[in-house]
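Structure record follows, encoded as structure tokens.
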Amino acid sequence: MSHRGIRTRRARGALTAGVALAAAAGLLTAAPAAQAVSGEPSAAGDHSFTARLVIGEGDAMRGCSAALVHRQWLLTATSCFASTPGAEVKSGKPALKSTATLGDRTLEIVEVVPRDDRDVAMVRLAEPVTTVQPVKLAADAPVAGENLLGAGFGRTRTEWVPNQLHTGEFRVDSATATTVALTGQNGVSVCKGDTGGPALRGTDSGFELTAVHSRSWQGGCFGEAGTETRTGAVDARVDGLAGWVKDVRNRDRSHSADIDGDGKADLVVLRSNGDIVVHRNQGDSFAPGRVMSGGWGRFVTWKDMGRLYFADVNGDRKADLIVHTSDGNIAVRTNHGTYWDSGTHWSTGWGRFIDGSDMGRLYFEDVNGDRKADLLVHTSDGNIAVRTNHGTYWDSGTHWSTGWGRFVTWKDMGRLYFEDVNGDGKADLLVHTSDGNIAVRTNHGTYWDQGTHWSTGWGRFIDGSDMGTLMFGDATGDGKADLFVHTKDGEVAVRTNHGNYWDSGKVMITL
């Protein structure tokens, strides 16, 4: 039977199945017991955004399903990743080895981000999928009587582990704020292995994701035939979660830094799962990312163990990893080409300078032109001091500028950056005001001048909470800092420095 273009229609008969399911939710089968919707095989290429998940290994291996909602992210059921039924699933790398297959590609799952109010999780793939169009999330809630299309890679009536996507029609019986009760039509049921798979609403332009499979009676599924006939299910609603999905995708921290020492700034991403991923600058694009270090998950928010910076501290032209812990210590981990070493202690007493909410902020850039990153201290009283790099420590510093107290939190008048804009080897001061203007104040050896206006229209790029973030780094290798624009849709564009302005730029990668 065809399932294209399913439209809302009135329910057939009394809505008793949803009530019964809601009352007996604890008796329904959840994901950890799972290994396909028992309907018809999906035509080749249809619903190609549906992924087959394999979680665990050996006798503990189990299957689930999911839906691609972004190039590198799936939406599925949190319960798929519980080590045992009902066990808590924490954000981060999955406890068990996990993979996702879309079409002919099988990719490792490197991060799980659960919601705390329903059986829904975002799942990050090791690499982006560029050959499949992600499914859009529905904005409107499911309503009683509406018919949805369920999909999954779980068992069918006759197969234990099918390798083909199956689909079937489900009627909406009722909905709560976080769940929707469904009844499979014409004997269709959600079976083991379908957990996390999509429940789809047909629209004039295709399908949109309304819910993901969570629990079911499994009537008519392989292994249940003859013992269970109920085809009801409870799915977790995902309509209205587009904002949350975007927020999860934008928890990463992006930086520009020359990691390989070729003179061109690479794109460095600290992922929310703790991986530091380097996208090398290939001139007209950034390469696919490579994990250079891991275990930094508690340094992403700047509210836990501390924060990270990337700058050339030893003068070899390769960015080192600077670790600023919440106890106030700063250690430098030297760049050895493919890894940063275990590091050495450089400074202490900076516990109140992590994120600008207390005594101030720190920056690391070469201010005096010796190619080694100095320490810039921006205090909440508005002063900026430069502490010169002496090889194994930064000195007690000298005062360079004042009046920047309303630029510390990034929530008031704007924010500051330090990069070499004019190509003389010394970091200039870039002032990004909340009205959207960017001015460059040139480094004159002991102070920055009054500056000149370079660009406008960046008012919604201050702290990353609105349209995105800005970074500055030499992407072209000419010694002058270009403007990196990282928007919340994942695009990173580079706007080239032309001496007194940055051009309209080019998208170098979509994360």
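Identifiers in this document derive from the order of the structure tokens: chains are assigned A, B, ..., residues are numbered from 1 separately in each chain, and ligands are numbered from 1 in order of occurrence.
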
Per-residue nearest contacts segment 240-342 of chain A to segment 464-481 of chain A, cut-off 10 Å, using only C-alpha atoms, as a tab-separated table:
residue	atom	partner	partner_atom	distance
A:Asp247	CA	A:Ser465	CA	9.0
A:Asn250	CA	A:Gly464	CA	8.5
A:Arg251	CA	A:Gly464	CA	9.6
A:Arg253	CA	A:Gly464	CA	9.6
A:Ser254	CA	A:Met471	CA	8.3
A:His255	CA	A:Met471	CA	6.8
A:Ser256	CA	A:Gly473	CA	5.7
A:Ala257	CA	A:Gly473	CA	6.8
A:Asp258	CA	A:Asp474	CA	8.3
A:Asp262	CA	A:Gly477	CA	7.8
A:Gly263	CA	A:Gly477	CA	5.0
A:Lys264	CA	A:Gly477	CA	4.7
A:Ala265	CA	A:Ala475	CA	4.7
A:Asp266	CA	A:Ala475	CA	7.2
A:Leu267	CA	A:Ala475	CA	9.3
A:Asn281	CA	A:Ala475	CA	7.3
A:Gln282	CA	A:Ala475	CA	9.5
A:Gly283	CA	A:Thr476	CA	6.8
A:Asp284	CA	A:Thr476	CA	9.0

Would you give me, as JSON lines, each residue of segment 394-471 of chain A having an atom within 12 Å of an atom of segment 335-348 of chain A, along with its shortest atom pair and that distance in Å to one decimal, using only C-alpha atoms and sorting by chain and residue number?
{"residue": "A:Trp394", "atom": "CA", "partner": "A:Ser347", "partner_atom": "CA", "distance": 7.4}
{"residue": "A:Asp395", "atom": "CA", "partner": "A:Ser347", "partner_atom": "CA", "distance": 9.5}
{"residue": "A:Ser396", "atom": "CA", "partner": "A:Ser347", "partner_atom": "CA", "distance": 10.6}

I need the residues from that last selection saved to file as a PDB file, in the first residue's frame (with N, CA and C atoms), if you can.
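That gives us part.pdb:
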ATOM      1  N   TRP A 394      54.847  34.092  31.898  1.00  0.00           N
ATOM      2  CA  TRP A 394      54.511  35.461  31.511  1.00  0.00           C
ATOM      3  C   TRP A 394      54.861  36.380  32.676  1.00  0.00           C
ATOM      4  N   ASP A 395      55.428  37.536  32.390  1.00  0.00           N
ATOM      5  CA  ASP A 395      55.864  38.424  33.461  1.00  0.00           C
ATOM      6  C   ASP A 395      54.690  39.132  34.134  1.00  0.00           C
ATOM      7  N   SER A 396      54.986  40.071  35.018  1.00  0.00           N
ATOM      8  CA  SER A 396      53.939  40.746  35.795  1.00  0.00           C
ATOM      9  C   SER A 396      53.181  41.783  34.992  1.00  0.00           C
TER      10      SER A 396
END

Per DSSP on the backbone, what are the strand (DSSP E) residues of segment 336-368 of chain A, as a ChimeraX atom specification?
/A:344-347,360-365

Could you pull the residues within 6 Å of Val492 of chain A, counting only C-alpha atoms, minus those fewer than 2 positions along the same chain, as a PyMOL selection string?
chain A and resi 485-486+507-509

Quick one: write out the picked residues with all heavy atoms as a JSON list (two decimals), in the first residue's frame?
[["chain", "number", "residue", "atom", "x", "y", "z"],
["A", 485, "VAL", "N", 33.28, 33.88, 9.94],
["A", 485, "VAL", "CA", 31.89, 34.01, 10.37],
["A", 485, "VAL", "C", 31.28, 32.62, 10.50],
["A", 485, "VAL", "O", 31.12, 31.91, 9.51],
["A", 485, "VAL", "CB", 31.07, 34.85, 9.37],
["A", 485, "VAL", "CG1", 29.64, 35.03, 9.88],
["A", 485, "VAL", "CG2", 31.73, 36.20, 9.13],
["A", 486, "HIS", "N", 30.95, 32.23, 11.72],
["A", 486, "HIS", "CA", 30.38, 30.91, 11.98],
["A", 486, "HIS", "C", 28.92, 31.11, 12.38],
["A", 486, "HIS", "O", 28.62, 31.56, 13.48],
["A", 486, "HIS", "CB", 31.15, 30.23, 13.11],
["A", 486, "HIS", "CG", 30.73, 28.82, 13.38],
["A", 486, "HIS", "ND1", 31.29, 28.03, 14.35],
["A", 486, "HIS", "CD2", 29.78, 28.03, 12.77],
["A", 486, "HIS", "CE1", 30.71, 26.84, 14.36],
["A", 486, "HIS", "NE2", 29.80, 26.83, 13.40],
["A", 507, "VAL", "N", 32.07, 30.63, 1.86],
["A", 507, "VAL", "CA", 31.83, 29.53, 2.79],
["A", 507, "VAL", "C", 32.90, 28.48, 2.58],
["A", 507, "VAL", "O", 33.08, 27.96, 1.46],
["A", 507, "VAL", "CB", 30.42, 28.93, 2.61],
["A", 507, "VAL", "CG1", 30.25, 27.70, 3.52],
["A", 507, "VAL", "CG2", 29.36, 29.97, 2.93],
["A", 508, "MET", "N", 33.62, 28.15, 3.64],
["A", 508, "MET", "CA", 34.72, 27.18, 3.56],
["A", 508, "MET", "C", 34.32, 25.78, 4.03],
["A", 508, "MET", "O", 34.94, 24.79, 3.66],
["A", 508, "MET", "CB", 35.89, 27.67, 4.41],
["A", 508, "MET", "CG", 36.49, 29.00, 3.94],
["A", 508, "MET", "SD", 37.83, 28.79, 2.79],
["A", 508, "MET", "CE", 39.19, 28.36, 3.88],
["A", 509, "ILE", "N", 33.29, 25.70, 4.88],
["A", 509, "ILE", "CA", 32.84, 24.40, 5.38],
["A", 509, "ILE", "C", 31.48, 24.58, 6.01],
["A", 509, "ILE", "O", 31.12, 25.68, 6.46],
["A", 509, "ILE", "CB", 33.84, 23.83, 6.42],
["A", 509, "ILE", "CG1", 33.58, 22.33, 6.65],
["A", 509, "ILE", "CG2", 33.79, 24.60, 7.71],
["A", 509, "ILE", "CD1", 34.66, 21.64, 7.50]]
